[in-house]
>>> print(open('protein02.cif').read())   # mmCIF, C-alpha atoms and all ligand atoms
data_protein
#
loop_
_atom_site.label_atom_id
_atom_site.label_comp_id
_atom_site.auth_asym_id
_atom_site.auth_seq_id
_atom_site.Cartn_x
_atom_site.Cartn_y
_atom_site.Cartn_z
CA MET A 545 -7.21 -5.84 -18.82
CA LYS A 546 -8.74 -2.36 -18.75
CA GLY A 547 -8.15 -0.80 -15.32
CA PHE A 548 -4.90 -0.51 -13.33
CA ILE A 549 -4.79 0.00 -9.58
CA PHE A 550 -1.61 0.83 -7.69
CA ASP A 551 -0.90 0.55 -4.00
CA LEU A 552 1.27 3.45 -2.76
CA ASP A 553 3.59 2.42 0.09
CA GLY A 554 6.13 -0.10 -1.20
CA VAL A 555 4.88 0.05 -4.81
CA ILE A 556 5.30 3.69 -5.82
CA VAL A 557 7.54 4.85 -2.96
CA ASP A 558 9.67 3.03 -0.42
CA THR A 559 7.95 4.37 2.69
CA ALA A 560 7.82 0.93 4.34
CA HIS A 561 11.09 1.65 6.13
CA PHE A 562 9.73 4.95 7.50
CA HIS A 563 6.62 3.16 8.83
CA PHE A 564 8.95 0.57 10.40
CA LEU A 565 11.13 3.19 12.12
CA ALA A 566 8.07 5.02 13.48
CA TRP A 567 6.34 1.84 14.72
CA LYS A 568 9.62 0.63 16.24
CA LYS A 569 9.63 3.71 18.46
CA THR A 570 6.03 2.98 19.56
CA ALA A 571 6.89 -0.68 20.20
CA ASP A 572 9.94 0.33 22.27
CA GLU A 573 7.65 2.41 24.52
CA LEU A 574 5.49 -0.69 25.00
CA GLY A 575 8.52 -2.86 25.84
CA LEU A 576 8.40 -4.80 22.55
CA GLU A 577 11.27 -5.26 20.15
CA LEU A 578 9.70 -4.95 16.71
CA THR A 579 11.41 -7.26 14.21
CA GLU A 580 11.51 -7.05 10.40
CA GLU A 581 9.33 -10.20 10.33
CA MET A 582 6.66 -8.54 12.44
CA ASN A 583 6.92 -5.47 10.20
CA GLU A 584 6.14 -7.63 7.18
CA GLN A 585 2.76 -8.35 8.80
CA LEU A 586 2.15 -4.61 9.24
CA LYS A 587 2.61 -3.78 5.55
CA GLY A 588 -0.65 -2.71 3.92
CA VAL A 589 -2.41 -2.80 7.30
CA SER A 590 -4.25 0.35 8.51
CA ARG A 591 -2.80 2.55 11.25
CA ILE A 592 -5.36 1.36 13.80
CA ASP A 593 -5.02 -2.33 12.95
CA SER A 594 -1.21 -1.99 13.04
CA LEU A 595 -1.28 -0.72 16.62
CA LYS A 596 -3.75 -3.47 17.60
CA LYS A 597 -1.26 -6.06 16.28
CA ILE A 598 1.66 -4.42 18.14
CA LEU A 599 -0.36 -4.41 21.38
CA ALA A 600 -1.19 -8.10 20.92
CA TRP A 601 2.51 -8.94 20.35
CA ALA A 602 3.45 -6.84 23.41
CA ASP A 603 0.63 -8.51 25.36
CA LYS A 604 -0.59 -5.07 26.51
CA GLU A 605 -4.03 -3.56 26.97
CA ILE A 606 -4.28 0.24 27.01
CA SER A 607 -7.03 2.88 27.33
CA GLN A 608 -8.60 4.50 24.25
CA ASP A 609 -6.87 7.80 25.13
CA HIS A 610 -3.47 6.09 25.27
CA PHE A 611 -4.25 4.29 21.98
CA ASP A 612 -5.12 7.60 20.27
CA LYS A 613 -1.98 9.24 21.70
CA LEU A 614 0.25 6.46 20.32
CA THR A 615 -1.27 6.56 16.80
CA THR A 616 -0.96 10.37 16.74
CA GLU A 617 2.68 10.24 17.88
CA LYS A 618 3.48 7.51 15.35
CA ASN A 619 1.98 9.55 12.53
CA THR A 620 3.85 12.73 13.55
CA ASP A 621 7.07 10.76 13.60
CA TYR A 622 6.28 9.14 10.22
CA LEU A 623 5.44 12.51 8.64
CA SER A 624 8.82 13.90 9.71
CA TYR A 625 10.38 11.33 7.34
CA VAL A 626 7.79 12.06 4.62
CA GLU A 627 8.67 15.78 4.80
CA GLU A 628 12.13 14.95 3.43
CA MET A 629 10.80 12.99 0.43
CA THR A 630 11.30 14.10 -3.18
CA SER A 631 10.68 12.63 -6.64
CA GLY A 632 14.02 10.83 -6.10
CA ASP A 633 12.16 8.47 -3.74
CA ILE A 634 9.94 7.03 -6.52
CA LEU A 635 10.70 3.31 -6.94
CA PRO A 636 12.40 2.06 -10.16
CA GLY A 637 10.29 1.95 -13.32
CA VAL A 638 6.89 2.73 -11.79
CA GLU A 639 6.50 6.31 -13.07
CA ALA A 640 7.48 5.25 -16.62
CA PHE A 641 5.06 2.30 -16.43
CA ILE A 642 2.09 4.45 -15.31
CA THR A 643 2.88 7.15 -17.89
CA GLN A 644 3.03 4.55 -20.65
CA ILE A 645 -0.18 2.79 -19.68
CA LYS A 646 -1.97 6.15 -19.52
CA SER A 647 -0.63 7.14 -22.95
CA GLN A 648 -2.26 3.94 -24.27
CA GLY A 649 -5.62 5.31 -23.02
CA TYR A 650 -6.07 3.18 -19.89
CA PRO A 651 -7.33 4.71 -16.63
CA VAL A 652 -5.28 4.35 -13.44
CA ALA A 653 -6.24 4.43 -9.76
CA LEU A 654 -4.47 4.61 -6.45
CA GLY A 655 -5.71 2.04 -3.90
CA SER A 656 -3.93 2.64 -0.60
CA ALA A 657 -4.62 2.09 3.09
CA SER A 658 -2.78 5.30 3.93
CA LYS A 659 -4.53 8.46 5.07
CA ASN A 660 -1.36 10.32 4.02
CA ALA A 661 -1.59 9.23 0.36
CA PRO A 662 -2.50 12.62 -1.21
CA ARG A 663 0.25 14.38 0.77
CA ILE A 664 2.88 11.83 -0.34
CA LEU A 665 1.77 11.92 -4.00
CA LYS A 666 2.03 15.72 -4.00
CA LYS A 667 5.47 15.56 -2.37
CA ILE A 668 6.82 13.28 -5.12
CA GLY A 669 4.97 15.09 -7.93
CA LEU A 670 2.67 12.21 -9.02
CA PHE A 671 -0.69 13.44 -7.68
CA ASP A 672 -2.04 14.46 -11.12
CA LEU A 673 -1.19 11.09 -12.70
CA PHE A 674 -4.18 9.30 -11.14
CA ASP A 675 -7.75 9.32 -12.45
CA THR A 676 -8.98 8.46 -8.95
CA ILE A 677 -7.39 8.24 -5.52
CA VAL A 678 -8.94 5.82 -3.04
CA ASP A 679 -7.12 5.89 0.30
CA GLY A 680 -7.50 5.26 4.02
CA ASN A 681 -9.91 8.22 4.25
CA SER A 682 -12.39 6.65 1.81
CA VAL A 683 -12.81 3.11 3.17
CA LYS A 684 -14.63 1.51 6.09
CA LYS A 685 -12.88 -1.85 5.90
CA ALA A 686 -9.10 -2.21 5.77
CA LYS A 687 -7.10 -4.63 3.57
CA PRO A 688 -7.31 -7.68 3.30
CA ASP A 689 -10.93 -6.63 2.76
CA PRO A 690 -11.30 -5.85 -0.98
CA GLU A 691 -13.29 -2.60 -0.41
CA VAL A 692 -10.49 -0.18 -1.42
CA PHE A 693 -9.99 -1.92 -4.78
CA VAL A 694 -13.71 -2.41 -5.43
CA ILE A 695 -14.30 1.35 -4.95
CA ALA A 696 -11.32 2.12 -7.21
CA ALA A 697 -12.68 -0.12 -10.00
CA GLY A 698 -16.12 1.52 -9.62
CA ASN A 699 -14.57 5.00 -9.88
CA LEU A 700 -12.69 3.93 -13.03
CA GLY A 701 -15.87 2.43 -14.50
CA VAL A 702 -14.11 -0.90 -15.10
CA ALA A 703 -15.43 -4.38 -14.15
CA ARG A 704 -13.49 -5.91 -11.23
CA GLU A 705 -12.27 -8.90 -13.24
CA GLU A 706 -10.73 -6.56 -15.82
CA CYS A 707 -8.60 -4.81 -13.19
CA VAL A 708 -4.96 -5.46 -12.32
CA VAL A 709 -3.69 -4.58 -8.83
CA PHE A 710 -0.03 -3.90 -8.01
CA GLU A 711 0.76 -4.64 -4.36
CA ASP A 712 3.79 -5.17 -2.11
CA SER A 713 1.97 -6.49 0.96
CA GLU A 714 0.52 -9.85 1.95
CA ALA A 715 -2.73 -8.19 3.07
CA GLY A 716 -2.97 -6.18 -0.18
CA VAL A 717 -2.45 -9.20 -2.46
CA THR A 718 -5.16 -11.04 -0.48
CA ALA A 719 -7.47 -8.00 -0.89
CA ALA A 720 -6.91 -7.98 -4.68
CA ASN A 721 -7.55 -11.73 -4.88
CA ASN A 722 -10.69 -11.31 -2.74
CA ALA A 723 -11.88 -8.67 -5.25
CA GLY A 724 -11.48 -11.17 -8.13
CA MET A 725 -8.78 -8.97 -9.70
CA VAL A 726 -5.43 -10.04 -11.15
CA SER A 727 -2.76 -9.49 -8.47
CA ILE A 728 0.81 -8.52 -9.28
CA GLY A 729 3.13 -8.77 -6.28
CA ILE A 730 6.03 -6.31 -6.18
CA GLY A 731 8.62 -7.83 -3.85
CA SER A 732 9.75 -11.32 -2.98
CA PRO A 733 7.98 -14.62 -3.83
CA GLU A 734 8.50 -15.77 -0.20
CA ASN A 735 6.07 -13.13 1.08
CA LEU A 736 3.85 -12.77 -1.98
CA GLY A 737 3.46 -16.37 -3.16
CA HIS A 738 -0.34 -15.96 -3.26
CA ALA A 739 -0.09 -13.26 -6.00
CA ASP A 740 -0.84 -14.25 -9.62
CA HIS A 741 2.62 -12.99 -10.63
CA VAL A 742 5.55 -11.64 -8.58
CA PHE A 743 8.28 -9.25 -9.77
CA GLY A 744 11.07 -7.42 -7.98
CA ASN A 745 10.16 -4.08 -9.56
CA PHE A 746 8.49 -2.38 -12.54
CA THR A 747 11.51 -2.69 -14.84
CA GLU A 748 10.99 -6.48 -15.00
CA PHE A 749 7.80 -6.55 -17.14
CA SER A 750 6.19 -4.66 -20.01
CA THR A 751 2.82 -2.90 -20.34
CA GLU A 752 1.99 -5.43 -23.10
CA PHE A 753 2.42 -8.33 -20.67
CA ILE A 754 0.07 -6.70 -18.15
CA VAL A 755 -2.60 -5.52 -20.61
CA ASN A 756 -2.79 -9.00 -22.19
CA LEU A 757 -3.29 -10.92 -18.92
CA GLU A 758 -6.42 -13.08 -18.83
CA PRO A 759 -9.14 -12.40 -16.23
CA LYS A 760 -9.19 -14.96 -13.38
CA VAL A 761 -12.94 -14.83 -12.97
CA LYS A 762 -15.27 -14.65 -15.97
C1 LIG B 801 -0.20 1.29 4.14
C2 LIG B 801 1.14 0.95 4.74
O1 LIG B 801 -0.04 1.67 2.81
O2 LIG B 801 -0.80 2.36 4.86
C3 LIG B 801 0.98 0.63 6.24
O3 LIG B 801 1.69 -0.18 4.07
C4 LIG B 801 0.28 1.79 6.93
O4 LIG B 801 2.25 0.39 6.79
C5 LIG B 801 -1.04 2.10 6.25
O5 LIG B 801 0.04 1.48 8.30
C6 LIG B 801 -1.75 3.30 6.86
O6 LIG B 801 -1.00 4.44 6.57
P1 LIG B 801 -1.11 5.84 7.31
O7 LIG B 801 -0.17 6.70 6.50
O8 LIG B 801 -2.54 6.32 7.19
O9 LIG B 801 -0.72 5.67 8.73
MG MG B 802 2.02 -1.28 0.28
#
>>> encode(input="protein02.cif", output="structure tokens")
Amino acid sequence: MKGFIFDLDGVIVDTAHFHFLAWKKTADELGLELTEEMNEQLKGVSRIDSLKKILAWADKEISQDHFDKLTTEKNTDYLSYVEEMTSGDILPGVEAFITQIKSQGYPVALGSASKNAPRILKKIGLFDLFDTIVDGNSVKKAKPDPEVFVIAAGNLGVAREECVVFEDSEAGVTAANNAGMVSIGIGSPENLGHADHVFGNFTEFSTEFIVNLEPKVK
């Protein structure tokens, strides 16, 4: 394997709970009680697609103006949590893993659906670690479409099949698989059973294990 692509939310930082709290407030306004199970289906999904799902669950149709107002309010609410973040919010083992893989000469990319990715990386002090940042501002098609990872591989100058993607979401693992890349699920096997390998966090595997993985597609 020659290129390493990291999702942000839920892989590098535990922002999933902040997204949940912010969407829960939106759902409340629409008369829907947002459950943790529903939230699982929102992980990795773009801001616009997330609200579309919530509206479908709430069985509500709203005007474009109302839609825009709700996504703006949700983001303002979410960013109030992000404002409090520090390097202490980096998930276990991930910074050491990225630093080690870079010291071995491999390029690393961020592949995130979030439009807030650069702001969060600067907040936690990891912005300069990435050779390329592909985020919600750079893609036309959201995960599970593979576009974000395909652009990241192109920017790294590495063939898709020689890339490994680290993902915590169902949609993100599907996107990596759709790109023909090796998918590493970070989370629970119940949600990420379609990943090539699943681990709880980055302390559970070595850089050697990852670098020596075989391509799925030749
Ligand atoms: C993903 C998160 O990384 O980014 C989703 O898992 C989120 O929950 C999506 O909706 C878009 O993020 P943002 O920050 O642009 O609203
Ligand atoms: Mg994620």
>>> residues_around(input="protein02.cif", residues="segment 745-757 of chain A", least_positions_apart="4", cutoff="6 Å", atoms="only C-alpha atoms", output="PyMOL selection string")
chain A and resi 545+637-638+730
>>> closest_residue(input="protein02.cif", among="A:Ser647, A:Ser682, A:Thr630, A:Asn721", to="Leu665 of chain A", atoms="all atoms listed in the file")
A:Thr630
>>> residues_around(input="protein02.cif", residues="segment 594-605 of chain A", least_positions_apart="4", cutoff="10 Å", atoms="all atoms listed in the file", output="PyMOL selection string")
chain A and resi 567-568+570-572+574-578+582-583+585-590+610-612+614-615+618
>>> closest_residue(input="protein02.cif", among="A:Leu565, A:Met629, A:Cys707, A:Ala657", to="ligand MG 802 (chain B)", atoms="all atoms listed in the file")
A:Ala657
>>> residues_near_ligand(input="protein02.cif", ligand="ligand MG 802 (chain B)", cutoff="12 Å", atoms="all atoms listed in the file", output="number ranges by chain")
A: 550-561, 563, 583-590, 654-658, 661, 679, 687-688, 709-717, 719, 729-731, 736
>>> write_last_selection(input="protein02.cif", atoms="C-alpha atoms", output="PDB file, in the frame of the given file")
ATOM      1  CA  PHE A 550      -1.610   0.830  -7.690  1.00  0.00           C
ATOM      2  CA  ASP A 551      -0.900   0.550  -4.000  1.00  0.00           C
ATOM      3  CA  LEU A 552       1.270   3.450  -2.760  1.00  0.00           C
ATOM      4  CA  ASP A 553       3.590   2.420   0.090  1.00  0.00           C
ATOM      5  CA  GLY A 554       6.130  -0.100  -1.200  1.00  0.00           C
ATOM      6  CA  VAL A 555       4.880   0.050  -4.810  1.00  0.00           C
ATOM      7  CA  ILE A 556       5.300   3.690  -5.820  1.00  0.00           C
ATOM      8  CA  VAL A 557       7.540   4.850  -2.960  1.00  0.00           C
ATOM      9  CA  ASP A 558       9.670   3.030  -0.420  1.00  0.00           C
ATOM     10  CA  THR A 559       7.950   4.370   2.690  1.00  0.00           C
ATOM     11  CA  ALA A 560       7.820   0.930   4.340  1.00  0.00           C
ATOM     12  CA  HIS A 561      11.090   1.650   6.130  1.00  0.00           C
ATOM     13  CA  HIS A 563       6.620   3.160   8.830  1.00  0.00           C
ATOM     14  CA  ASN A 583       6.920  -5.470  10.200  1.00  0.00           C
ATOM     15  CA  GLU A 584       6.140  -7.630   7.180  1.00  0.00           C
ATOM     16  CA  GLN A 585       2.760  -8.350   8.800  1.00  0.00           C
ATOM     17  CA  LEU A 586       2.150  -4.610   9.240  1.00  0.00           C
ATOM     18  CA  LYS A 587       2.610  -3.780   5.550  1.00  0.00           C
ATOM     19  CA  GLY A 588      -0.650  -2.710   3.920  1.00  0.00           C
ATOM     20  CA  VAL A 589      -2.410  -2.800   7.300  1.00  0.00           C
ATOM     21  CA  SER A 590      -4.250   0.350   8.510  1.00  0.00           C
ATOM     22  CA  LEU A 654      -4.470   4.610  -6.450  1.00  0.00           C
ATOM     23  CA  GLY A 655      -5.710   2.040  -3.900  1.00  0.00           C
ATOM     24  CA  SER A 656      -3.930   2.640  -0.600  1.00  0.00           C
ATOM     25  CA  ALA A 657      -4.620   2.090   3.090  1.00  0.00           C
ATOM     26  CA  SER A 658      -2.780   5.300   3.930  1.00  0.00           C
ATOM     27  CA  ALA A 661      -1.590   9.230   0.360  1.00  0.00           C
ATOM     28  CA  ASP A 679      -7.120   5.890   0.300  1.00  0.00           C
ATOM     29  CA  LYS A 687      -7.100  -4.630   3.570  1.00  0.00           C
ATOM     30  CA  PRO A 688      -7.310  -7.680   3.300  1.00  0.00           C
ATOM     31  CA  VAL A 709      -3.690  -4.580  -8.830  1.00  0.00           C
ATOM     32  CA  PHE A 710      -0.030  -3.900  -8.010  1.00  0.00           C
ATOM     33  CA  GLU A 711       0.760  -4.640  -4.360  1.00  0.00           C
ATOM     34  CA  ASP A 712       3.790  -5.170  -2.110  1.00  0.00           C
ATOM     35  CA  SER A 713       1.970  -6.490   0.960  1.00  0.00           C
ATOM     36  CA  GLU A 714       0.520  -9.850   1.950  1.00  0.00           C
ATOM     37  CA  ALA A 715      -2.730  -8.190   3.070  1.00  0.00           C
ATOM     38  CA  GLY A 716      -2.970  -6.180  -0.180  1.00  0.00           C
ATOM     39  CA  VAL A 717      -2.450  -9.200  -2.460  1.00  0.00           C
ATOM     40  CA  ALA A 719      -7.470  -8.000  -0.890  1.00  0.00           C
ATOM     41  CA  GLY A 729       3.130  -8.770  -6.280  1.00  0.00           C
ATOM     42  CA  ILE A 730       6.030  -6.310  -6.180  1.00  0.00           C
ATOM     43  CA  GLY A 731       8.620  -7.830  -3.850  1.00  0.00           C
ATOM     44  CA  LEU A 736       3.850 -12.770  -1.980  1.00  0.00           C
TER      45      LEU A 736
END
>>> axis_aligned_box(input="protein02.cif", around="ligand LIG 801 (chain B)", padding_each_side="4 Å", output="JSON")
{"center_x": -0.1, "center_y": 3.3, "center_z": 5.8, "size_x": 12.8, "size_y": 14.9, "size_z": 13.9}
>>> atom_distance(input="protein02.cif", atom1="atom CA of Glu734 of chain A", atom2="atom CA of Glu581 of chain A")
11.9 Å
>>> atom_distance(input="protein02.cif", atom1="atom CA of His738 of chain A", atom2="atom CA of Pro690 of chain A")
15.1 Å
>>> atom_distance(input="protein02.cif", atom1="atom O4 of ligand LIG 801 (chain B)", atom2="atom CA of Ile642 of chain A")
22.5 Å
>>> closest_residue(input="protein02.cif", among="A:Glu627, A:Phe641, A:Gly680, A:Ile549", to="ligand LIG 801 (chain B)", atoms="only C-alpha atoms and all ligand atoms")
A:Gly680
>>> closest_residue(input="protein02.cif", among="A:Leu635, A:Val652, A:Ile592, A:Val742", to="ligand LIG 801 (chain B)", atoms="all atoms listed in the file")
A:Ile592
>>> closest_residue(input="protein02.cif", among="A:Ala566, A:Ala653, A:Ile645, A:Ala686", to="Asn699 of chain A", atoms="all atoms listed in the file")
A:Ala653
>>> closest_residue(input="protein02.cif", among="A:Phe693, A:Phe562, A:Phe548, A:Phe671", to="ligand LIG 801 (chain B)", atoms="only C-alpha atoms and all ligand atoms")
A:Phe562
>>> residues_near_point(input="protein02.cif", point="(-10.9, 4.4, -16.7)", cutoff="9 Å", atoms="only C-alpha atoms", output="JSON list (two decimals) with C-alpha atoms, in the frame of the given file")
[["chain", "number", "residue", "atom", "x", "y", "z"],
["A", 546, "LYS", "CA", -8.74, -2.36, -18.75],
["A", 547, "GLY", "CA", -8.15, -0.80, -15.32],
["A", 548, "PHE", "CA", -4.90, -0.51, -13.33],
["A", 649, "GLY", "CA", -5.62, 5.31, -23.02],
["A", 650, "TYR", "CA", -6.07, 3.18, -19.89],
["A", 651, "PRO", "CA", -7.33, 4.71, -16.63],
["A", 652, "VAL", "CA", -5.28, 4.35, -13.44],
["A", 653, "ALA", "CA", -6.24, 4.43, -9.76],
["A", 675, "ASP", "CA", -7.75, 9.32, -12.45],
["A", 676, "THR", "CA", -8.98, 8.46, -8.95],
["A", 697, "ALA", "CA", -12.68, -0.12, -10.00],
["A", 699, "ASN", "CA", -14.57, 5.00, -9.88],
["A", 700, "LEU", "CA", -12.69, 3.93, -13.03],
["A", 701, "GLY", "CA", -15.87, 2.43, -14.50],
["A", 702, "VAL", "CA", -14.11, -0.90, -15.10]]
>>> residues_around(input="protein02.cif", residues="Glu705 of chain A", least_positions_apart="2", cutoff="9 Å", atoms="only C-alpha atoms", output="PyMOL selection string")
chain A and resi 545+702-703+707-708+723-726+759-762
>>> build_atoms(input="protein02.cif", residues="segment 671-695 of chain A", atoms="N, CA, C and O atoms", output="PDB file, in the coordinates of the input")
ATOM      1  N   PHE A 671       0.740  13.330  -8.044  1.00  0.00           N
ATOM      2  CA  PHE A 671      -0.690  13.440  -7.680  1.00  0.00           C
ATOM      3  C   PHE A 671      -1.589  13.485  -8.917  1.00  0.00           C
ATOM      4  O   PHE A 671      -2.634  12.844  -8.955  1.00  0.00           O
ATOM      5  N   ASP A 672      -1.175  14.244  -9.946  1.00  0.00           N
ATOM      6  CA  ASP A 672      -2.040  14.460 -11.120  1.00  0.00           C
ATOM      7  C   ASP A 672      -2.076  13.264 -12.082  1.00  0.00           C
ATOM      8  O   ASP A 672      -2.822  13.281 -13.051  1.00  0.00           O
ATOM      9  N   LEU A 673      -1.263  12.249 -11.798  1.00  0.00           N
ATOM     10  CA  LEU A 673      -1.190  11.090 -12.700  1.00  0.00           C
ATOM     11  C   LEU A 673      -2.417  10.170 -12.557  1.00  0.00           C
ATOM     12  O   LEU A 673      -2.737   9.409 -13.467  1.00  0.00           O
ATOM     13  N   PHE A 674      -3.114  10.269 -11.423  1.00  0.00           N
ATOM     14  CA  PHE A 674      -4.180   9.300 -11.140  1.00  0.00           C
ATOM     15  C   PHE A 674      -5.568   9.824 -11.486  1.00  0.00           C
ATOM     16  O   PHE A 674      -5.896  10.966 -11.188  1.00  0.00           O
ATOM     17  N   ASP A 675      -6.372   8.946 -12.119  1.00  0.00           N
ATOM     18  CA  ASP A 675      -7.750   9.320 -12.450  1.00  0.00           C
ATOM     19  C   ASP A 675      -8.618   9.300 -11.196  1.00  0.00           C
ATOM     20  O   ASP A 675      -9.605  10.021 -11.120  1.00  0.00           O
ATOM     21  N   THR A 676      -8.262   8.466 -10.233  1.00  0.00           N
ATOM     22  CA  THR A 676      -8.980   8.460  -8.950  1.00  0.00           C
ATOM     23  C   THR A 676      -8.019   8.021  -7.847  1.00  0.00           C
ATOM     24  O   THR A 676      -7.122   7.208  -8.091  1.00  0.00           O
ATOM     25  N   ILE A 677      -8.224   8.605  -6.664  1.00  0.00           N
ATOM     26  CA  ILE A 677      -7.390   8.240  -5.520  1.00  0.00           C
ATOM     27  C   ILE A 677      -8.306   7.708  -4.426  1.00  0.00           C
ATOM     28  O   ILE A 677      -9.155   8.440  -3.918  1.00  0.00           O
ATOM     29  N   VAL A 678      -8.162   6.420  -4.117  1.00  0.00           N
ATOM     30  CA  VAL A 678      -8.940   5.820  -3.040  1.00  0.00           C
ATOM     31  C   VAL A 678      -7.934   5.477  -1.939  1.00  0.00           C
ATOM     32  O   VAL A 678      -6.983   4.725  -2.168  1.00  0.00           O
ATOM     33  N   ASP A 679      -8.121   6.077  -0.759  1.00  0.00           N
ATOM     34  CA  ASP A 679      -7.120   5.890   0.300  1.00  0.00           C
ATOM     35  C   ASP A 679      -7.783   5.582   1.642  1.00  0.00           C
ATOM     36  O   ASP A 679      -8.990   5.314   1.690  1.00  0.00           O
ATOM     37  N   GLY A 680      -7.007   5.623   2.686  1.00  0.00           N
ATOM     38  CA  GLY A 680      -7.500   5.260   4.020  1.00  0.00           C
ATOM     39  C   GLY A 680      -8.618   6.165   4.517  1.00  0.00           C
ATOM     40  O   GLY A 680      -9.311   5.818   5.479  1.00  0.00           O
ATOM     41  N   ASN A 681      -8.815   7.332   3.851  1.00  0.00           N
ATOM     42  CA  ASN A 681      -9.910   8.220   4.250  1.00  0.00           C
ATOM     43  C   ASN A 681     -11.234   7.806   3.608  1.00  0.00           C
ATOM     44  O   ASN A 681     -12.294   8.271   4.022  1.00  0.00           O
ATOM     45  N   SER A 682     -11.169   6.963   2.564  1.00  0.00           N
ATOM     46  CA  SER A 682     -12.390   6.650   1.810  1.00  0.00           C
ATOM     47  C   SER A 682     -12.971   5.263   2.110  1.00  0.00           C
ATOM     48  O   SER A 682     -13.990   4.915   1.536  1.00  0.00           O
ATOM     49  N   VAL A 683     -12.315   4.479   2.957  1.00  0.00           N
ATOM     50  CA  VAL A 683     -12.810   3.110   3.170  1.00  0.00           C
ATOM     51  C   VAL A 683     -13.254   2.865   4.611  1.00  0.00           C
ATOM     52  O   VAL A 683     -12.780   3.511   5.535  1.00  0.00           O
ATOM     53  N   LYS A 684     -14.191   1.916   4.748  1.00  0.00           N
ATOM     54  CA  LYS A 684     -14.630   1.510   6.090  1.00  0.00           C
ATOM     55  C   LYS A 684     -13.870   0.274   6.538  1.00  0.00           C
ATOM     56  O   LYS A 684     -13.620   0.086   7.708  1.00  0.00           O
ATOM     57  N   LYS A 685     -13.544  -0.586   5.555  1.00  0.00           N
ATOM     58  CA  LYS A 685     -12.880  -1.850   5.900  1.00  0.00           C
ATOM     59  C   LYS A 685     -11.467  -1.876   5.322  1.00  0.00           C
ATOM     60  O   LYS A 685     -11.273  -1.599   4.145  1.00  0.00           O
ATOM     61  N   ALA A 686     -10.507  -2.226   6.186  1.00  0.00           N
ATOM     62  CA  ALA A 686      -9.100  -2.210   5.770  1.00  0.00           C
ATOM     63  C   ALA A 686      -8.728  -3.489   5.016  1.00  0.00           C
ATOM     64  O   ALA A 686      -9.390  -4.526   5.161  1.00  0.00           O
ATOM     65  N   LYS A 687      -7.663  -3.432   4.188  1.00  0.00           N
ATOM     66  CA  LYS A 687      -7.100  -4.630   3.570  1.00  0.00           C
ATOM     67  C   LYS A 687      -6.809  -5.638   4.677  1.00  0.00           C
ATOM     68  O   LYS A 687      -6.373  -5.211   5.739  1.00  0.00           O
ATOM     69  N   PRO A 688      -7.060  -6.918   4.535  1.00  0.00           N
ATOM     70  CA  PRO A 688      -7.310  -7.680   3.300  1.00  0.00           C
ATOM     71  C   PRO A 688      -8.738  -7.631   2.769  1.00  0.00           C
ATOM     72  O   PRO A 688      -9.056  -8.324   1.819  1.00  0.00           O
ATOM     73  N   ASP A 689      -9.610  -6.807   3.359  1.00  0.00           N
ATOM     74  CA  ASP A 689     -10.930  -6.630   2.760  1.00  0.00           C
ATOM     75  C   ASP A 689     -10.736  -5.968   1.386  1.00  0.00           C
ATOM     76  O   ASP A 689      -9.905  -5.063   1.245  1.00  0.00           O
ATOM     77  N   PRO A 690     -11.516  -6.389   0.381  1.00  0.00           N
ATOM     78  CA  PRO A 690     -11.300  -5.850  -0.980  1.00  0.00           C
ATOM     79  C   PRO A 690     -11.885  -4.453  -1.205  1.00  0.00           C
ATOM     80  O   PRO A 690     -11.740  -3.899  -2.304  1.00  0.00           O
ATOM     81  N   GLU A 691     -12.529  -3.840  -0.190  1.00  0.00           N
ATOM     82  CA  GLU A 691     -13.290  -2.600  -0.410  1.00  0.00           C
ATOM     83  C   GLU A 691     -12.517  -1.520  -1.181  1.00  0.00           C
ATOM     84  O   GLU A 691     -13.040  -0.918  -2.118  1.00  0.00           O
ATOM     85  N   VAL A 692     -11.254  -1.266  -0.792  1.00  0.00           N
ATOM     86  CA  VAL A 692     -10.490  -0.180  -1.420  1.00  0.00           C
ATOM     87  C   VAL A 692     -10.365  -0.388  -2.944  1.00  0.00           C
ATOM     88  O   VAL A 692     -10.515   0.550  -3.734  1.00  0.00           O
ATOM     89  N   PHE A 693     -10.162  -1.638  -3.352  1.00  0.00           N
ATOM     90  CA  PHE A 693      -9.990  -1.920  -4.780  1.00  0.00           C
ATOM     91  C   PHE A 693     -11.337  -1.939  -5.516  1.00  0.00           C
ATOM     92  O   PHE A 693     -11.414  -1.556  -6.689  1.00  0.00           O
ATOM     93  N   VAL A 694     -12.380  -2.386  -4.819  1.00  0.00           N
ATOM     94  CA  VAL A 694     -13.710  -2.410  -5.430  1.00  0.00           C
ATOM     95  C   VAL A 694     -14.186  -0.973  -5.700  1.00  0.00           C
ATOM     96  O   VAL A 694     -14.712  -0.660  -6.774  1.00  0.00           O
ATOM     97  N   ILE A 695     -13.934  -0.064  -4.738  1.00  0.00           N
ATOM     98  CA  ILE A 695     -14.300   1.350  -4.950  1.00  0.00           C
ATOM     99  C   ILE A 695     -13.481   1.930  -6.109  1.00  0.00           C
ATOM    100  O   ILE A 695     -14.008   2.637  -6.970  1.00  0.00           O
TER     101      ILE A 695
END
